[in-house]
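First up is the structure itself, then whatever we jot down about it.
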Amino acid sequence: MFKAPEHQVAGHLASDGKLGPLVDDSGRLYKPLQGDGRGSKELAFYETFSSDTRVPDHIRRFFPVFYGSQLLEASNGSGLCLHLVLQDIVSGRINPSIMDVKIGSRTWYPGASDDYIKKCLEKDGRTTSVSLGFRIAGLRLYEGKEPGFWKPGRKEVQSFTVDDVRSVLRRFVSSNSSIANEKPDCSFAPSIYGGSTGILEQLLELKAWFEDQTIYHFHSCSLLILFDKESVLKGGTPAAEVKLIDFAHVLEGKCVIDHNFLGGLCSLIKFVSDVLSDPKESPITANVECEKPHVFTSNGNRV
């Protein structure tokens with residue numbers, strides 16, 4: 001009945017005796033509660049968020065549906081473990097292309113231990129989190145039946161430079177992504193990134209909310225960007241979608257705008273807009289009004 005997710009691109013995998021999420025055939029995902037209080041905090045967020053009337057209905061579609069919690073046998077064989085029961089976002093999709101983008105130039109949260117902050121500062125600095133306000137945390141790109149999927153390893157993803165990120169965002173929407181030594185043609189960008197239901201429009205809708213919302217601060221959360229590339233290759237619709245995931249470090253906003261998340265979101269919007277504006281990959285600045293991602297010191301001050 002339960003199995004490891006086939007399309008997971010980041011996080012802990014339920015394989016080789018390790019604790020990770022499971023899925024079933026009914027379209028639900030079962031995420032084990034993490035230790036050190038992180039799991040209970042994420043459960044508390046979902047319970048609060050699901051009944052929070054301050055969140056507009058059109059924004060709720062960017063979050064996985066929450067079905068409660070359930071005791072299940074852990075994937076690592078350690079016994080019963082409490083799991084979040086969530087919508088399996090990729091359920092029903094055939095060979096989807098998926099990208100996990102961690103948002104924010106600062107991934108640690110106020111109140112974290114010194115060791116945790118030090119670890120995050122080091123990782124944020126050697127990835128593109130500090131320079132761009134976001135980083136690609138995982139990737140699985142469908143390239144056709146013959147080449148199959150391109151799924152770079154964790155170390156390769158963590159080594160992505162700014163130029164690599166720009167190239168990946170282009171390759172993600174290209175018909176020739178599997179052809180070596182050929183620049184991505186971005187031929188699918190108009191239908192996936194563009195249009196009234198495309199990725200860019202969804203990101204802009206989120207941006208409009210984050211410019212006003214002071215309910216939550218989303219530390220170390222990711223945007224999951226996905227579409228059905230096989231459908232596009234056959235001339236169908238991409239069913240492009242953006243979802244927010246991972247809420248173990250969400251804190252109360254206390255009437256303050258989440259500048260860390262908003263800055264990273266704006267930066268991602270600019271990069272996606274650049275792909276649509278110039279398929280030849282020239283370094284231009286998109287015409288999107290956004291605040292720049294901020295660099296944060298260990299005491300939480302913006303630089």
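A note on labels: chains of the structure tokens are A, B, ... as shown, every chain counts residues from 1, and ligands are counted from 1 in their shown order.
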List every residue of segment 44-215 of chain A that DSSP, applied to the backbone of this structure, places in strand (DSSP E or B), and write the result as a ChimeraX atom specification.
/A:66-73,80-87,97-103,134-142,149-150
Filtering to N, CA, C and O atoms, could you give me those residues as a compact mmCIF listing (two decimals), in the first residue's frame?
```txt
# COMPACT_ATOMS: atom_id res chain seq x y z
N PHE A 66 -3.94 19.53 3.53
CA PHE A 66 -3.59 18.85 4.79
C PHE A 66 -4.75 17.98 5.24
O PHE A 66 -5.88 18.45 5.39
N TYR A 67 -4.47 16.69 5.45
CA TYR A 67 -5.51 15.74 5.85
C TYR A 67 -5.37 15.28 7.30
O TYR A 67 -6.07 14.37 7.73
N GLY A 68 -4.47 15.90 8.05
CA GLY A 68 -4.30 15.52 9.45
C GLY A 68 -3.00 14.74 9.67
O GLY A 68 -2.03 14.89 8.92
N SER A 69 -2.98 13.90 10.67
CA SER A 69 -1.80 13.09 10.99
C SER A 69 -2.23 11.65 11.24
O SER A 69 -3.39 11.37 11.54
N GLN A 70 -1.25 10.73 11.10
CA GLN A 70 -1.57 9.31 11.23
C GLN A 70 -0.34 8.55 11.69
O GLN A 70 0.78 8.81 11.24
N LEU A 71 -0.56 7.58 12.59
CA LEU A 71 0.53 6.70 13.02
C LEU A 71 0.74 5.62 11.97
O LEU A 71 -0.19 4.90 11.61
N LEU A 72 1.96 5.52 11.47
CA LEU A 72 2.30 4.51 10.47
C LEU A 72 3.64 3.87 10.82
O LEU A 72 4.46 4.45 11.54
N GLU A 73 3.87 2.69 10.27
CA GLU A 73 5.17 2.04 10.41
C GLU A 73 6.20 2.88 9.65
O GLU A 73 6.02 3.20 8.47
N LEU A 80 6.27 2.35 14.93
CA LEU A 80 5.24 3.34 14.61
C LEU A 80 5.78 4.75 14.75
O LEU A 80 6.52 5.06 15.69
N CYS A 81 5.39 5.60 13.80
CA CYS A 81 5.85 6.99 13.78
C CYS A 81 4.70 7.86 13.30
O CYS A 81 3.96 7.48 12.38
N LEU A 82 4.54 9.01 13.93
CA LEU A 82 3.48 9.92 13.51
C LEU A 82 3.86 10.59 12.19
O LEU A 82 4.99 11.09 12.05
N HIS A 83 2.95 10.58 11.23
CA HIS A 83 3.19 11.16 9.92
C HIS A 83 2.17 12.26 9.62
O HIS A 83 1.00 12.14 9.99
N LEU A 84 2.62 13.32 8.96
CA LEU A 84 1.70 14.28 8.36
C LEU A 84 1.06 13.60 7.15
O LEU A 84 1.74 12.91 6.39
N VAL A 85 -0.23 13.80 6.96
CA VAL A 85 -0.91 13.26 5.79
C VAL A 85 -1.25 14.45 4.89
O VAL A 85 -2.05 15.31 5.25
N LEU A 86 -0.61 14.48 3.73
CA LEU A 86 -0.70 15.63 2.84
C LEU A 86 -1.09 15.20 1.43
O LEU A 86 -1.03 14.01 1.08
N GLN A 87 -1.45 16.16 0.64
CA GLN A 87 -1.70 15.93 -0.78
C GLN A 87 -0.39 15.52 -1.47
O GLN A 87 0.65 16.14 -1.27
N SER A 97 8.42 16.96 -14.75
CA SER A 97 9.68 17.64 -14.47
C SER A 97 9.47 18.48 -13.22
O SER A 97 8.47 19.20 -13.11
N ILE A 98 10.40 18.37 -12.27
CA ILE A 98 10.21 18.98 -10.95
C ILE A 98 11.49 19.70 -10.52
O ILE A 98 12.60 19.22 -10.73
N MET A 99 11.29 20.87 -9.91
CA MET A 99 12.42 21.62 -9.36
C MET A 99 12.06 22.12 -7.97
O MET A 99 11.00 22.71 -7.77
N ASP A 100 12.93 21.86 -7.00
CA ASP A 100 12.76 22.32 -5.63
C ASP A 100 13.67 23.53 -5.44
O ASP A 100 14.89 23.43 -5.56
N VAL A 101 13.06 24.69 -5.15
CA VAL A 101 13.82 25.94 -5.00
C VAL A 101 13.65 26.46 -3.58
O VAL A 101 12.54 26.85 -3.18
N LYS A 102 14.73 26.46 -2.81
CA LYS A 102 14.68 26.96 -1.44
C LYS A 102 14.78 28.48 -1.47
O LYS A 102 15.72 29.04 -2.04
N ILE A 103 13.82 29.15 -0.83
CA ILE A 103 13.70 30.60 -0.93
C ILE A 103 14.28 31.29 0.31
O ILE A 103 14.06 30.85 1.45
N PHE A 134 17.90 32.76 -3.34
CA PHE A 134 17.31 31.43 -3.49
C PHE A 134 18.37 30.48 -4.00
O PHE A 134 19.41 30.90 -4.52
N ARG A 135 18.11 29.19 -3.85
CA ARG A 135 19.00 28.19 -4.42
C ARG A 135 18.17 26.99 -4.87
O ARG A 135 17.10 26.72 -4.32
N ILE A 136 18.65 26.31 -5.89
CA ILE A 136 18.01 25.09 -6.34
C ILE A 136 18.44 23.97 -5.39
O ILE A 136 19.63 23.71 -5.23
N ALA A 137 17.46 23.32 -4.76
CA ALA A 137 17.77 22.28 -3.78
C ALA A 137 17.64 20.88 -4.36
O ALA A 137 18.18 19.92 -3.80
N GLY A 138 16.95 20.75 -5.46
CA GLY A 138 16.77 19.45 -6.09
C GLY A 138 16.13 19.61 -7.46
O GLY A 138 15.47 20.62 -7.73
N LEU A 139 16.33 18.61 -8.31
CA LEU A 139 15.89 18.74 -9.70
C LEU A 139 15.70 17.37 -10.33
O LEU A 139 16.50 16.46 -10.11
N ARG A 140 14.64 17.24 -11.08
CA ARG A 140 14.39 16.01 -11.85
C ARG A 140 13.72 16.43 -13.16
O ARG A 140 12.55 16.82 -13.17
N LEU A 141 14.46 16.35 -14.24
CA LEU A 141 13.99 16.85 -15.53
C LEU A 141 13.78 15.71 -16.51
O LEU A 141 14.71 14.96 -16.81
N TYR A 142 12.55 15.57 -16.98
CA TYR A 142 12.25 14.54 -17.96
C TYR A 142 12.76 14.98 -19.32
O TYR A 142 12.48 16.07 -19.79
N PHE A 149 15.50 10.60 -17.41
CA PHE A 149 15.51 11.78 -16.53
C PHE A 149 16.93 12.27 -16.28
O PHE A 149 17.87 11.48 -16.22
N TRP A 150 17.06 13.58 -16.15
CA TRP A 150 18.29 14.17 -15.65
C TRP A 150 18.03 14.57 -14.20
O TRP A 150 17.20 15.43 -13.92
```
Restricting the calculation to only C-alpha atoms: of A:Phe210, A:Phe172, A:Tyr116, A:Phe2, which residue gets closest to Ala189 of chain A?
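Among the listed residues, the smallest separation from Ala189 of chain A belongs to A:Phe172.
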Check the smallest atom-to-atom distance from each of A:Val157, A:Val275, A:Pro64, A:Val23 to Leu223 of chain A using only C-alpha atoms, then report the winner.
A:Pro64
Quick one, how far is atom CA of Lys183 of chain A from atom CA of Ser159 of chain A?
20.3 Å
From A:Ser26, A:Thr107, A:Ser273, A:Ser51, residue lying nearest Leu200 of chain A [only C-alpha atoms]:
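Closest candidate: A:Ser273.
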Restrict the calculation to only C-alpha atoms, then for each residue of segment 90-146 of chain A with any atom at most 12 Å from an atom of segment 35-41 of chain A give the closest atom pair and their distance in Å to one decimal, rows by chain and rising residue number, as JSON lines.
```
{"residue": "A:Tyr109", "atom": "CA", "partner": "A:Arg38", "partner_atom": "CA", "distance": 11.8}
{"residue": "A:Ala112", "atom": "CA", "partner": "A:Arg38", "partner_atom": "CA", "distance": 11.2}
{"residue": "A:Ser113", "atom": "CA", "partner": "A:Asp36", "partner_atom": "CA", "distance": 11.5}
{"residue": "A:Tyr116", "atom": "CA", "partner": "A:Asp36", "partner_atom": "CA", "distance": 11.8}
```
DSSP on the backbone, alpha helix (DSSP H) only: what residues of segment 14-168 of chain A does that give? Format it as a ChimeraX atom specification.
/A:38-50,57-60,114-126,129-132,154-158,162-168
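Of the residues listed (A:Glu47, A:Asp228, A:Glu205, A:Glu143), A:Asp228 shows the shortest atom-to-atom separation from Arg93 of chain A; distances use only C-alpha atoms.
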Need to verify the contact set: Ser174 of chain A, 9 Å, only C-alpha atoms, exclusion of same-chain residues closer than 2 positions in sequence. Can you return it as an MDAnalysis selection string?
chainID A and resid 170:172 176:177 184:189
For the residues selected in the previous step, produce a file with all heavy atoms as an mmCIF file, in the first residue's frame.
```cif
data_model
loop_
_atom_site.group_PDB
_atom_site.id
_atom_site.type_symbol
_atom_site.label_atom_id
_atom_site.label_comp_id
_atom_site.auth_asym_id
_atom_site.auth_seq_id
_atom_site.Cartn_x
_atom_site.Cartn_y
_atom_site.Cartn_z
ATOM 1 N N ARG A 170 16.713 27.594 -17.829
ATOM 2 C CA ARG A 170 16.494 27.545 -19.272
ATOM 3 C C ARG A 170 16.337 26.098 -19.745
ATOM 4 O O ARG A 170 15.450 25.789 -20.547
ATOM 5 C CB ARG A 170 17.674 28.212 -19.997
ATOM 6 C CG ARG A 170 17.754 29.713 -19.785
ATOM 7 C CD ARG A 170 19.069 30.280 -20.317
ATOM 8 N NE ARG A 170 19.285 29.880 -21.696
ATOM 9 C CZ ARG A 170 18.713 30.478 -22.745
ATOM 10 N NH1 ARG A 170 17.895 31.499 -22.563
ATOM 11 N NH2 ARG A 170 18.958 30.061 -23.971
ATOM 12 N N ARG A 171 17.192 25.237 -19.256
ATOM 13 C CA ARG A 171 17.133 23.824 -19.650
ATOM 14 C C ARG A 171 15.810 23.192 -19.229
ATOM 15 O O ARG A 171 15.302 22.289 -19.901
ATOM 16 C CB ARG A 171 18.310 23.078 -19.023
ATOM 17 C CG ARG A 171 18.421 21.615 -19.422
ATOM 18 C CD ARG A 171 19.705 21.001 -18.870
ATOM 19 N NE ARG A 171 19.786 19.575 -19.193
ATOM 20 C CZ ARG A 171 20.805 18.778 -18.853
ATOM 21 N NH1 ARG A 171 21.831 19.285 -18.195
ATOM 22 N NH2 ARG A 171 20.777 17.499 -19.188
ATOM 23 N N PHE A 172 15.263 23.662 -18.128
ATOM 24 C CA PHE A 172 14.012 23.142 -17.584
ATOM 25 C C PHE A 172 12.859 23.259 -18.580
ATOM 26 O O PHE A 172 11.925 22.461 -18.557
ATOM 27 C CB PHE A 172 13.684 23.923 -16.307
ATOM 28 C CG PHE A 172 12.638 23.294 -15.426
ATOM 29 C CD1 PHE A 172 12.847 22.060 -14.832
ATOM 30 C CD2 PHE A 172 11.446 23.958 -15.153
ATOM 31 C CE1 PHE A 172 11.890 21.485 -14.002
ATOM 32 C CE2 PHE A 172 10.491 23.403 -14.331
ATOM 33 C CZ PHE A 172 10.711 22.169 -13.753
ATOM 34 N N ASN A 176 15.563 20.633 -26.306
ATOM 35 C CA ASN A 176 16.843 19.992 -26.624
ATOM 36 C C ASN A 176 17.713 19.825 -25.388
ATOM 37 O O ASN A 176 18.942 19.811 -25.479
ATOM 38 C CB ASN A 176 17.597 20.821 -27.667
ATOM 39 C CG ASN A 176 17.976 22.212 -27.156
ATOM 40 O OD1 ASN A 176 17.381 22.690 -26.182
ATOM 41 N ND2 ASN A 176 18.935 22.844 -27.806
ATOM 42 N N SER A 177 17.084 19.694 -24.208
ATOM 43 C CA SER A 177 17.841 19.665 -22.947
ATOM 44 C C SER A 177 18.767 18.465 -22.834
ATOM 45 O O SER A 177 19.737 18.482 -22.082
ATOM 46 C CB SER A 177 16.881 19.692 -21.756
ATOM 47 O OG SER A 177 15.999 18.583 -21.807
ATOM 48 N N PRO A 184 20.383 25.440 -24.507
ATOM 49 C CA PRO A 184 18.942 25.207 -24.375
ATOM 50 C C PRO A 184 18.147 26.166 -25.263
ATOM 51 O O PRO A 184 18.456 27.361 -25.312
ATOM 52 C CB PRO A 184 18.681 25.473 -22.892
ATOM 53 C CG PRO A 184 19.999 25.266 -22.224
ATOM 54 C CD PRO A 184 21.029 25.708 -23.212
ATOM 55 N N ASP A 185 17.149 25.635 -25.969
ATOM 56 C CA ASP A 185 16.392 26.477 -26.896
ATOM 57 C C ASP A 185 15.210 27.193 -26.252
ATOM 58 O O ASP A 185 14.602 28.072 -26.867
ATOM 59 C CB ASP A 185 15.912 25.653 -28.090
ATOM 60 C CG ASP A 185 15.021 24.476 -27.688
ATOM 61 O OD1 ASP A 185 14.444 24.507 -26.582
ATOM 62 O OD2 ASP A 185 14.924 23.520 -28.479
ATOM 63 N N CYS A 186 14.858 26.818 -25.024
ATOM 64 C CA CYS A 186 13.760 27.467 -24.290
ATOM 65 C C CYS A 186 12.448 27.472 -25.078
ATOM 66 O O CYS A 186 11.597 28.345 -24.887
ATOM 67 C CB CYS A 186 14.121 28.910 -23.925
ATOM 68 S SG CYS A 186 15.593 29.065 -22.911
ATOM 69 N N SER A 187 12.261 26.485 -25.931
ATOM 70 C CA SER A 187 11.093 26.486 -26.815
ATOM 71 C C SER A 187 9.777 26.300 -26.063
ATOM 72 O O SER A 187 8.709 26.673 -26.569
ATOM 73 C CB SER A 187 11.237 25.388 -27.878
ATOM 74 O OG SER A 187 11.329 24.102 -27.278
ATOM 75 N N PHE A 188 9.842 25.725 -24.847
ATOM 76 C CA PHE A 188 8.617 25.511 -24.081
ATOM 77 C C PHE A 188 8.365 26.623 -23.063
ATOM 78 O O PHE A 188 7.366 26.580 -22.334
ATOM 79 C CB PHE A 188 8.674 24.170 -23.341
ATOM 80 C CG PHE A 188 8.824 22.985 -24.253
ATOM 81 C CD1 PHE A 188 9.654 21.920 -23.910
ATOM 82 C CD2 PHE A 188 8.144 22.914 -25.458
ATOM 83 C CE1 PHE A 188 9.790 20.826 -24.739
ATOM 84 C CE2 PHE A 188 8.277 21.824 -26.300
ATOM 85 C CZ PHE A 188 9.103 20.775 -25.946
ATOM 86 N N ALA A 189 9.259 27.608 -23.010
ATOM 87 C CA ALA A 189 9.123 28.680 -22.017
ATOM 88 C C ALA A 189 7.782 29.417 -22.105
ATOM 89 O O ALA A 189 7.152 29.676 -21.073
ATOM 90 C CB ALA A 189 10.278 29.669 -22.142
#
```
Rounded to one decimal, what separation in Å do you get between atom CA of Val250 of chain A and atom CA of Gly92 of chain A?
29.3 Å
Between atom CA of Gly263 of chain A and atom CA of Ser105 of chain A, what is the distance in Å, rounded to a tenth?
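Separation between atom CA of Gly263 of chain A and atom CA of Ser105 of chain A: 8.0 Å.
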Any idea what's packed within 8 Å of Asp258 of chain A, counting only C-alpha atoms, ignoring anything in its chain fewer than 4 positions away? Could you give it as a ChimeraX atom specification?
/A:210,213-214,216-218,253,262
Let's have the selection written as a PDB file, in the first residue's frame, with N, CA, C and O atoms.
```pdb
ATOM      1  N   PHE A 210       2.759  38.206  -0.529  1.00  0.00           N
ATOM      2  CA  PHE A 210       3.880  38.399   0.381  1.00  0.00           C
ATOM      3  C   PHE A 210       4.229  39.877   0.567  1.00  0.00           C
ATOM      4  O   PHE A 210       4.867  40.241   1.555  1.00  0.00           O
ATOM      5  N   GLN A 213       1.260  40.327   3.385  1.00  0.00           N
ATOM      6  CA  GLN A 213       1.003  39.429   4.505  1.00  0.00           C
ATOM      7  C   GLN A 213       2.065  39.566   5.596  1.00  0.00           C
ATOM      8  O   GLN A 213       3.259  39.587   5.334  1.00  0.00           O
ATOM      9  N   THR A 214       1.594  39.665   6.822  1.00  0.00           N
ATOM     10  CA  THR A 214       2.484  39.734   7.986  1.00  0.00           C
ATOM     11  C   THR A 214       2.099  38.674   9.007  1.00  0.00           C
ATOM     12  O   THR A 214       2.409  38.796  10.188  1.00  0.00           O
ATOM     13  N   TYR A 216       2.812  35.187   8.749  1.00  0.00           N
ATOM     14  CA  TYR A 216       3.847  34.165   8.917  1.00  0.00           C
ATOM     15  C   TYR A 216       5.176  34.631   8.327  1.00  0.00           C
ATOM     16  O   TYR A 216       5.214  35.427   7.389  1.00  0.00           O
ATOM     17  N   HIS A 217       6.257  34.078   8.874  1.00  0.00           N
ATOM     18  CA  HIS A 217       7.583  34.191   8.269  1.00  0.00           C
ATOM     19  C   HIS A 217       8.026  32.773   7.902  1.00  0.00           C
ATOM     20  O   HIS A 217       8.155  31.914   8.770  1.00  0.00           O
ATOM     21  N   PHE A 218       8.283  32.568   6.611  1.00  0.00           N
ATOM     22  CA  PHE A 218       8.559  31.230   6.092  1.00  0.00           C
ATOM     23  C   PHE A 218      10.066  31.005   5.960  1.00  0.00           C
ATOM     24  O   PHE A 218      10.656  31.251   4.910  1.00  0.00           O
ATOM     25  N   GLY A 253       4.496  36.127  12.067  1.00  0.00           N
ATOM     26  CA  GLY A 253       5.016  37.324  11.413  1.00  0.00           C
ATOM     27  C   GLY A 253       5.025  38.544  12.303  1.00  0.00           C
ATOM     28  O   GLY A 253       5.815  39.469  12.084  1.00  0.00           O
ATOM     29  N   LEU A 262      10.271  37.312   0.624  1.00  0.00           N
ATOM     30  CA  LEU A 262       9.848  38.172  -0.479  1.00  0.00           C
ATOM     31  C   LEU A 262      11.016  38.540  -1.382  1.00  0.00           C
ATOM     32  O   LEU A 262      10.896  38.526  -2.610  1.00  0.00           O
TER      33      LEU A 262
END
```
